[in-house]
Every structure is written in structure tokens, then in C-alpha cells.
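Content type CSV, C-alpha atoms and all ligand atoms, from the file query12.csv:
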chain,number,residue,atom,x,y,z
X,1,MET,CA,-63.1,-81.0,-3.6
X,2,ASP,CA,-59.8,-80.1,-5.2
X,3,LEU,CA,-59.4,-77.9,-8.3
X,4,HIS,CA,-57.2,-78.8,-11.2
X,5,VAL,CA,-56.4,-76.3,-14.0
X,6,GLU,CA,-54.4,-77.9,-16.8
X,7,SER,CA,-52.6,-76.1,-19.6
X,8,ALA,CA,-55.0,-73.1,-19.4
X,9,THR,CA,-54.6,-70.6,-22.3
X,10,LYS,CA,-56.4,-67.4,-23.0
X,11,SER,CA,-56.1,-64.8,-25.8
X,12,PHE,CA,-58.0,-61.7,-26.6
X,13,ALA,CA,-58.0,-61.2,-30.4
X,14,ASP,CA,-54.4,-62.2,-31.4
X,15,ARG,CA,-52.9,-61.3,-28.0
X,16,THR,CA,-52.1,-64.3,-25.7
X,17,ILE,CA,-52.7,-63.2,-22.1
X,18,PHE,CA,-51.5,-66.5,-20.5
X,19,SER,CA,-50.7,-69.9,-21.7
X,20,ALA,CA,-49.9,-73.3,-20.3
X,21,ILE,CA,-51.0,-72.4,-16.8
X,22,ASP,CA,-51.3,-75.4,-14.4
X,23,LEU,CA,-52.7,-75.3,-10.9
X,24,ALA,CA,-53.5,-78.1,-8.5
X,25,ALA,CA,-55.3,-76.5,-5.7
X,26,GLU,CA,-56.3,-78.5,-2.6
X,27,SER,CA,-59.5,-78.2,-0.6
X,28,GLY,CA,-58.8,-76.4,2.6
X,29,LEU,CA,-56.1,-74.1,1.3
X,30,CYS,CA,-55.8,-70.5,0.0
X,31,TYR,CA,-54.0,-69.7,-3.2
X,32,ARG,CA,-53.0,-66.2,-4.3
X,33,ILE,CA,-52.7,-65.5,-8.0
X,34,THR,CA,-49.9,-63.0,-8.5
X,35,GLY,CA,-48.3,-61.4,-11.5
X,36,PRO,CA,-47.8,-58.0,-13.2
X,37,SER,CA,-50.7,-55.8,-14.1
X,38,GLY,CA,-52.2,-57.2,-17.3
X,39,SER,CA,-50.9,-60.7,-16.7
X,40,GLY,CA,-54.4,-62.1,-16.6
X,41,LYS,CA,-55.2,-62.6,-12.9
X,42,SER,CA,-58.8,-61.4,-13.2
X,43,THR,CA,-59.2,-63.2,-16.5
X,44,LEU,CA,-58.0,-66.5,-15.0
X,45,LEU,CA,-60.4,-66.1,-12.1
X,46,ASN,CA,-63.2,-65.3,-14.5
X,47,CYS,CA,-62.4,-68.4,-16.5
X,48,ILE,CA,-62.3,-70.6,-13.4
X,49,GLY,CA,-65.5,-69.0,-12.3
X,50,LEU,CA,-67.1,-69.9,-15.6
X,51,LEU,CA,-67.8,-66.2,-16.5
X,52,GLU,CA,-65.4,-66.5,-19.5
X,53,GLU,CA,-64.2,-69.4,-21.5
X,54,LEU,CA,-60.6,-70.6,-21.9
X,55,ASP,CA,-59.3,-70.9,-25.4
X,56,GLY,CA,-57.3,-74.0,-24.4
X,57,GLY,CA,-56.8,-76.3,-21.4
X,58,GLU,CA,-59.1,-77.9,-18.9
X,59,ILE,CA,-60.5,-77.2,-15.5
X,60,PHE,CA,-61.8,-79.9,-13.1
X,61,LEU,CA,-63.5,-79.5,-9.8
X,62,GLY,CA,-63.1,-82.9,-8.1
X,63,ASP,CA,-64.0,-85.3,-10.9
X,64,GLU,CA,-66.2,-82.9,-12.7
X,65,ARG,CA,-65.0,-81.2,-15.9
X,66,MET,CA,-65.8,-77.5,-15.9
X,67,THR,CA,-64.7,-76.8,-19.5
X,68,GLY,CA,-66.8,-77.4,-22.7
X,69,ILE,CA,-69.9,-77.8,-20.7
X,70,PRO,CA,-73.5,-76.8,-21.5
X,71,ALA,CA,-75.1,-73.7,-20.0
X,72,ARG,CA,-77.3,-75.7,-17.7
X,73,THR,CA,-74.2,-77.3,-16.1
X,74,VAL,CA,-72.6,-73.8,-15.8
X,75,HIS,CA,-75.7,-72.7,-14.0
X,76,ARG,CA,-75.6,-75.7,-11.6
X,77,LEU,CA,-72.0,-75.2,-10.8
X,78,HIS,CA,-72.6,-71.5,-10.1
X,79,ARG,CA,-75.6,-72.5,-7.9
X,80,ASP,CA,-74.0,-75.4,-6.0
X,81,HIS,CA,-70.3,-74.8,-5.9
X,82,LEU,CA,-69.0,-71.4,-6.8
X,83,GLY,CA,-68.8,-68.3,-4.6
X,84,PHE,CA,-67.5,-64.9,-5.7
X,85,LEU,CA,-66.0,-62.0,-3.7
X,86,PHE,CA,-65.2,-59.3,-6.3
X,87,GLN,CA,-64.3,-55.7,-5.9
X,88,ASN,CA,-67.8,-54.4,-6.6
X,89,PHE,CA,-69.2,-57.1,-4.3
X,90,GLY,CA,-71.7,-58.3,-6.9
X,91,LEU,CA,-74.8,-57.3,-5.0
X,92,VAL,CA,-78.1,-56.4,-6.5
X,93,ASP,CA,-78.3,-52.6,-5.7
X,94,SER,CA,-82.0,-52.3,-5.5
X,95,TRP,CA,-82.5,-55.2,-3.1
X,96,THR,CA,-82.3,-54.9,0.6
X,97,ALA,CA,-79.2,-56.2,2.4
X,98,GLU,CA,-81.3,-59.0,3.8
X,99,LYS,CA,-82.5,-60.1,0.4
X,100,ASN,CA,-79.0,-60.1,-1.0
X,101,VAL,CA,-77.9,-62.4,1.7
X,102,ARG,CA,-80.9,-64.6,1.7
X,103,ILE,CA,-81.0,-65.1,-2.0
X,104,ALA,CA,-77.7,-67.0,-1.9
X,105,THR,CA,-79.0,-70.1,-3.5
X,106,GLY,CA,-77.1,-72.3,-1.1
X,107,SER,CA,-75.3,-75.4,-1.8
X,108,HIS,CA,-76.9,-78.6,-3.1
X,109,ARG,CA,-76.9,-79.8,0.6
X,110,ARG,CA,-79.3,-77.3,1.9
X,111,ARG,CA,-80.9,-74.0,1.2
X,112,PRO,CA,-80.4,-71.1,3.6
X,113,HIS,CA,-83.1,-70.5,6.1
X,114,ARG,CA,-84.1,-67.1,7.5
X,115,SER,CA,-82.3,-67.9,10.7
X,116,ASP,CA,-79.1,-68.6,8.7
X,117,THR,CA,-79.5,-65.2,7.1
X,118,SER,CA,-80.0,-63.4,10.4
X,119,ASP,CA,-77.2,-65.2,12.1
X,120,ALA,CA,-74.8,-64.4,9.2
X,121,MET,CA,-75.9,-60.7,9.2
X,122,SER,CA,-75.5,-60.5,13.0
X,123,ARG,CA,-72.0,-62.0,12.7
X,124,PHE,CA,-70.9,-59.3,10.3
X,125,GLY,CA,-72.6,-56.5,12.3
X,126,ILE,CA,-75.1,-55.6,9.6
X,127,SER,CA,-78.4,-56.7,11.2
X,128,ALA,CA,-79.5,-53.1,11.6
X,129,LEU,CA,-79.0,-52.5,7.9
X,130,ALA,CA,-81.2,-55.5,6.9
X,131,GLU,CA,-84.0,-53.4,5.3
X,132,GLN,CA,-81.6,-50.9,3.6
X,133,PRO,CA,-81.2,-51.2,-0.2
X,134,THR,CA,-77.6,-52.1,-0.7
X,135,HIS,CA,-76.9,-49.0,-2.9
X,136,CYS,CA,-77.4,-46.9,0.3
X,137,LEU,CA,-74.6,-48.8,2.1
X,138,SER,CA,-71.0,-47.8,2.4
X,139,GLY,CA,-68.3,-49.9,0.7
X,140,GLY,CA,-67.4,-51.6,3.9
X,141,GLU,CA,-71.0,-52.4,4.7
X,142,GLN,CA,-71.6,-53.8,1.2
X,143,GLN,CA,-68.5,-56.0,1.6
X,144,ARG,CA,-69.9,-57.4,4.8
X,145,VAL,CA,-73.3,-58.1,3.0
X,146,ALA,CA,-71.3,-60.0,0.4
X,147,LEU,CA,-69.4,-61.9,3.0
X,148,ALA,CA,-72.6,-62.9,4.9
X,149,ARG,CA,-74.0,-64.2,1.6
X,150,LEU,CA,-70.8,-66.1,0.9
X,151,MET,CA,-70.7,-67.7,4.4
X,152,ILE,CA,-74.2,-69.1,4.2
X,153,LYS,CA,-73.6,-70.4,0.7
X,154,GLU,CA,-70.5,-72.3,1.8
X,155,PRO,CA,-69.1,-72.7,-1.8
X,156,THR,CA,-66.8,-75.5,-2.7
X,157,LEU,CA,-64.7,-73.0,-4.7
X,158,VAL,CA,-64.3,-69.3,-3.6
X,159,LEU,CA,-63.0,-66.8,-6.1
X,160,ALA,CA,-61.9,-63.4,-4.8
X,161,ASP,CA,-60.7,-60.6,-7.1
X,162,GLU,CA,-59.1,-57.6,-5.4
X,163,PRO,CA,-61.6,-58.1,-2.5
X,164,THR,CA,-60.0,-55.5,-0.2
X,165,SER,CA,-58.8,-52.8,-2.6
X,166,SER,CA,-61.3,-50.2,-1.2
X,167,LEU,CA,-61.4,-51.4,2.4
X,168,ASP,CA,-59.9,-50.2,5.6
X,169,ASP,CA,-57.7,-52.4,7.8
X,170,ASP,CA,-60.6,-53.6,10.0
X,171,ASN,CA,-62.7,-54.7,7.0
X,172,THR,CA,-59.7,-56.2,5.4
X,173,ALA,CA,-59.1,-58.3,8.5
X,174,ILE,CA,-62.7,-59.4,8.4
X,175,ASP,CA,-62.3,-60.4,4.8
X,176,ALA,CA,-59.2,-62.4,5.5
X,177,GLU,CA,-60.7,-64.2,8.4
X,178,ALA,CA,-63.9,-65.2,6.5
X,179,LEU,CA,-61.8,-66.5,3.5
X,180,ARG,CA,-59.7,-68.5,5.9
X,181,GLU,CA,-62.8,-69.9,7.6
X,182,LEU,CA,-64.3,-71.0,4.3
X,183,ALA,CA,-61.0,-72.8,3.5
X,184,ASP,CA,-61.1,-74.4,6.9
X,185,ARG,CA,-64.6,-75.6,6.2
X,186,GLY,CA,-63.2,-77.3,3.0
X,187,ALA,CA,-63.3,-74.8,0.2
X,188,VAL,CA,-60.5,-74.1,-2.3
X,189,VAL,CA,-60.0,-70.3,-2.0
X,190,LEU,CA,-58.3,-68.5,-4.9
X,191,PHE,CA,-57.7,-64.8,-4.7
X,192,ALA,CA,-55.9,-62.1,-6.7
X,193,SER,CA,-54.8,-59.1,-4.9
X,194,HIS,CA,-52.1,-56.4,-4.9
X,195,ASP,CA,-52.9,-55.9,-1.2
X,196,SER,CA,-49.9,-56.8,1.0
X,197,ARG,CA,-52.4,-57.0,4.0
X,198,LEU,CA,-53.6,-60.3,2.4
X,199,THR,CA,-50.1,-61.8,2.1
X,200,PRO,CA,-50.5,-64.0,5.3
X,201,LEU,CA,-53.7,-65.5,3.8
X,202,ALA,CA,-51.8,-67.2,1.0
X,203,ASP,CA,-50.8,-70.8,1.6
X,204,HIS,CA,-49.4,-70.9,-2.0
X,205,GLU,CA,-48.9,-68.5,-4.8
X,206,LEU,CA,-49.4,-69.0,-8.6
X,207,LEU,CA,-47.4,-66.5,-10.6
X,208,LEU,CA,-48.7,-65.5,-14.0
X,209,PRO,CA,-45.7,-64.2,-15.9
X,210,GLY,CA,-47.4,-61.8,-18.2
X,211,PRO,CA,-47.6,-61.8,-22.0
X,212,SER,CA,-44.0,-60.6,-22.5
X,213,ALA,CA,-42.4,-63.0,-20.1
X,214,THR,CA,-41.5,-66.6,-20.4
X,215,ARG,CA,-43.9,-69.4,-19.7
X,216,ASP,CA,-42.2,-70.3,-16.5
X,217,GLN,CA,-45.1,-69.8,-14.2
X,218,GLN,CA,-44.4,-71.2,-10.8
X,219,LEU,CA,-46.4,-72.6,-8.0
X,220,LEU,CA,-44.3,-71.4,-5.0
X,301,LIG,N1,-62.9,-58.7,-22.6
X,301,LIG,C1,-61.6,-58.3,-22.9
X,301,LIG,N2,-61.3,-58.0,-24.2
X,301,LIG,C2,-60.1,-57.7,-24.6
X,301,LIG,N3,-59.0,-57.6,-23.7
X,301,LIG,C3,-59.3,-57.9,-22.5
X,301,LIG,C4,-60.6,-58.3,-22.0
X,301,LIG,N4,-60.5,-58.5,-20.7
X,301,LIG,C5,-59.2,-58.3,-20.3
X,301,LIG,N5,-58.5,-58.0,-21.4
X,301,LIG,C6,-57.0,-57.7,-21.4
X,301,LIG,O1,-56.4,-58.8,-20.9
X,301,LIG,C7,-55.3,-58.5,-20.1
X,301,LIG,C8,-55.4,-59.1,-18.7
X,301,LIG,O2,-56.4,-58.4,-18.0
X,301,LIG,P1,-56.7,-58.8,-16.5
X,301,LIG,O3,-57.7,-57.8,-16.0
X,301,LIG,O4,-57.0,-60.2,-16.4
X,301,LIG,O5,-55.2,-58.6,-15.8
X,301,LIG,P2,-54.8,-58.5,-14.3
X,301,LIG,O6,-53.6,-59.3,-14.2
X,301,LIG,O7,-56.0,-58.9,-13.4
X,301,LIG,O8,-54.5,-57.0,-14.2
X,301,LIG,P3,-54.4,-56.0,-12.9
X,301,LIG,O9,-53.4,-56.5,-12.0
X,301,LIG,O10,-54.0,-54.7,-13.5
X,301,LIG,O11,-55.8,-56.0,-12.3
X,301,LIG,C9,-55.3,-56.9,-20.1
X,301,LIG,O12,-54.3,-56.5,-21.0
X,301,LIG,C10,-56.7,-56.6,-20.5
X,301,LIG,O13,-56.7,-55.3,-21.1
Can the structure in the file be given as C-alpha cells, please?
Amino acid sequence: MDLHVESATKSFADRTIFSAIDLAAESGLCYRITGPSGSGKSTLLNCIGLLEELDGGEIFLGDERMTGIPARTVHRLHRDHLGFLFQNFGLVDSWTAEKNVRIATGSHRRRPHRSDTSDAMSRFGISALAEQPTHCLSGGEQQRVALARLMIKEPTLVLADEPTSSLDDDNTAIDAEALRELADRGAVVLFASHDSRLTPLADHELLLPGPSATRDQQLL
């Protein structure tokens, strides 16, 4: 399913962070959101991920409107379509690595089975850590738990915010490979990152000009 963002606008108090942002993102491709610090990259990802609301504009995933929708629809979209890879990995600290992976609610097509969970954990080299609470894991290990969870969920739309900022080169390469694979399986992948190691992952870039710049955002 493709993603369409039309005339997206967001302000905090009386400060406009971005306005009139358009994006037509195709299934199977990776899009990097760029722009100066404070231009609203995380805010835009949060709005597209239904963690915050836009002040104006619309978002569609396929034919489905994602703006102005009731909480139960937000919940369904999170469950069935959205996957996140954020800097803090979004894991439940007190749960084991295995439970964090297994709990991925899965797509509407299928729910993950235990074998999916162990396969994914094996792929990312974290099988031996299955029974460890995630707060005991290193940053790189937590990232691989988050990736295993993402891979078995197979989201329609993947949102990654500075996913590699605390990672070494090997783990960064694992991140990039997994995000590319999710796109190859049909996801739209949007990521915001200052990390030049992720430059090759971007099929397209969306530039947010920042509050003081013009509105000439560009899809390069
Ligand atoms: N909940 C909030 N309330 C008020 N202002 C906020 C809130 N969230 C973000 N902002 C402000 O919105 C602006 C955009 O923040 P955002 O984190 O989206 O920028 P960014 O482009 O991701 O920045 P960076 O590249 O530094 O991570 C910043 O000036 C930030 O202080």
C-alpha cells in the first residue's frame, strides 16, 4: 500500500514547525526525511505514526484515511499496519527478549507463532538472550530484539527515527539490511537520520525546510 501525505501542517503553540508538506511514498521504497535540526522530522514521523495529530492536512495509507479517525481505528492501524524503529527501540524493559519479539501483534494476515519468534531471534543472533529482560541487554542487542519484532510483524508502513545513532557499523548494517528487506517485501519505509551510513538506503529524500526557511520542500 502506498502512503500519501497531503498539505501536512504542524504547530506547537504559535510556532509553525512545518507546513504544506506533501509526500507520495510508494510501497517497496525507502524514503529519508531530511532537514535541519528542529525542522520537524521526528514530529512528522510521529504524526504519520499516529502518535501525534497534524493540525492540518491529510494522510492516507492506500485508500484508508489516517487523519481525523477514532481511537479504535488508530489502535487497529497500529496493530495491523504500523511498525516503529525508534532510537530507544520501544521495548518493554521488564519483559524478556523473547516476549518482546513474540508480543508483536502481527499483521491482520496472521499472528506470529513461536517458531516465527525463534527464527527471527536466531536470524539476529539473539537466541541465547531469549530469557533475559531487555533492560539487561546492550544497545546493539536491544536493537536486534526490536528488529526481530519488526520482521515478524511485517508492517505495511515502517517508521524509523534515528535508528542507528547509538550503533556501531556492524549493527548499522544489520539495520539497513532489515529495512531494505521490509521494503522489498512491500512496505513503505520512512526514516529520519543524520547518519551518513544510511545514505545508500534512501531511494528518495523529503526535505523539511525548517521553520525559518521557505516552504519549498522538495522530493528529490
Ligand atoms: N511536544 C512538543 N511541544 C512543543 N514543542 C515541541 C514538541 N515536540 C517537538 N517540539 C519542537 O518542535 C520542533 C521540531 O522537533 P523535532 O524533534 O520534530 O525536530 P527534528 O527535525 O527531528 O530535530 P533533530 O534533527 O534535532 O532531531 C523543535 O523545535 C522541538 O522543540
Exercise. Name the residues, by chain letter and number, that sit within 10 Å of ligand LIG 301 (chain X) using all atoms listed in the file, and give them as a PyMOL selection string.
Key: chain X and resi 10-18+33-47+52+161-162+192-194+208-211
For the residues in that selection, give me C-alpha atoms as a CSV table (one decimal), in the frame of the given file.
chain,number,residue,atom,x,y,z
X,10,LYS,CA,-56.4,-67.4,-23.0
X,11,SER,CA,-56.1,-64.8,-25.8
X,12,PHE,CA,-58.0,-61.7,-26.6
X,13,ALA,CA,-58.0,-61.2,-30.4
X,14,ASP,CA,-54.4,-62.2,-31.4
X,15,ARG,CA,-52.9,-61.3,-28.0
X,16,THR,CA,-52.1,-64.3,-25.7
X,17,ILE,CA,-52.7,-63.2,-22.1
X,18,PHE,CA,-51.5,-66.5,-20.5
X,33,ILE,CA,-52.7,-65.5,-8.0
X,34,THR,CA,-49.9,-63.0,-8.5
X,35,GLY,CA,-48.3,-61.4,-11.5
X,36,PRO,CA,-47.8,-58.0,-13.2
X,37,SER,CA,-50.7,-55.8,-14.1
X,38,GLY,CA,-52.2,-57.2,-17.3
X,39,SER,CA,-50.9,-60.7,-16.7
X,40,GLY,CA,-54.4,-62.1,-16.6
X,41,LYS,CA,-55.2,-62.6,-12.9
X,42,SER,CA,-58.8,-61.4,-13.2
X,43,THR,CA,-59.2,-63.2,-16.5
X,44,LEU,CA,-58.0,-66.5,-15.0
X,45,LEU,CA,-60.4,-66.1,-12.1
X,46,ASN,CA,-63.2,-65.3,-14.5
X,47,CYS,CA,-62.4,-68.4,-16.5
X,52,GLU,CA,-65.4,-66.5,-19.5
X,161,ASP,CA,-60.7,-60.6,-7.1
X,162,GLU,CA,-59.1,-57.6,-5.4
X,192,ALA,CA,-55.9,-62.1,-6.7
X,193,SER,CA,-54.8,-59.1,-4.9
X,194,HIS,CA,-52.1,-56.4,-4.9
X,208,LEU,CA,-48.7,-65.5,-14.0
X,209,PRO,CA,-45.7,-64.2,-15.9
X,210,GLY,CA,-47.4,-61.8,-18.2
X,211,PRO,CA,-47.6,-61.8,-22.0
Exercise. Grab the atom CA of X:His204 to atom CA of X:Asp22 distance for me, in Å with one decimal place.
Key: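 Between atom CA of X:His204 and atom CA of X:Asp22 the gap is 13.3 Å.
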Self-check item: Counting only C-alpha atoms, the option among X:Ile174, X:Ala120, X:Val92, X:Ala20 closest to X:Gln143
Solution: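 Under the stated criterion, the closest residue is X:Ile174.
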Quiz item: Using all atoms listed in the file, which of the listed residues (X:Glu26, X:Asp93, X:Glu53, X:Asp184) sits closest to X:Thr9?
Solution: X:Glu53
Exercise. Find the residues around X:Gly57 up to 8 Å (all atoms listed in the file counted), leave out those fewer than 2 positions away in its own chain, and share them as a list of chain:residue names.
Key: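 Non-adjacent residues within range: X:Val5, X:Glu6, X:Ser7, X:Ala8, X:Thr9, X:Ala20, X:Leu54, X:Asp55, X:Ile59.
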Practice problem: Could you check which of X:Ile48, X:Leu198, X:Leu159, X:Leu206 is closest to X:Phe60, using all atoms listed in the file? | Solution: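 Answer, going by the shortest atom-to-atom distance: X:Ile48.
Of the residues under consideration (X:Lys99, X:His78, X:Arg123, X:Arg32), X:Arg123 shows the shortest atom-to-atom contact distance to X:Met151 when counting only C-alpha atoms.
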Practice problem: List the neighbours of X:Leu91 out to 12 Å using all atoms listed in the file; skip same-chain residues closer than 3 positions along the sequence, and give me the result as a PyMOL selection string. | Solution: chain X and resi 84-88+94-104+133-137+139+141-150
Quiz prompt | Closest of X:Thr117, X:Ser166, X:Gln132, X:Thr156 to X:Leu190 - atom-to-atom distances counting only C-alpha atoms | solution = X:Thr156
Practice problem: Kindly indicate which residue among X:Pro70, X:Gly28, X:Gly140, X:Pro200 lies nearest to X:Gly186, using only C-alpha atoms for the distances. | Solution: X:Gly28
Self-check item: Between atom CA of X:Gly56 and atom CA of X:Ala183, distance in Å (one decimal)
Solution: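 Between atom CA of X:Gly56 and atom CA of X:Ala183 the gap works out to 28.2 Å.
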Quiz item: So how many Å separate atom CA of X:Thr172 and atom CA of X:Leu207, to one decimal?
Solution: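 Straight-line distance from atom CA of X:Thr172 to atom CA of X:Leu207 works out to 22.7 Å.
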Quiz prompt | Spatial neighbours of X:Cys30, 6 Å, all atoms listed in the file, chain gap at least 5 places, as a PyMOL selection string | solution = chain X and resi 189-190+202-203
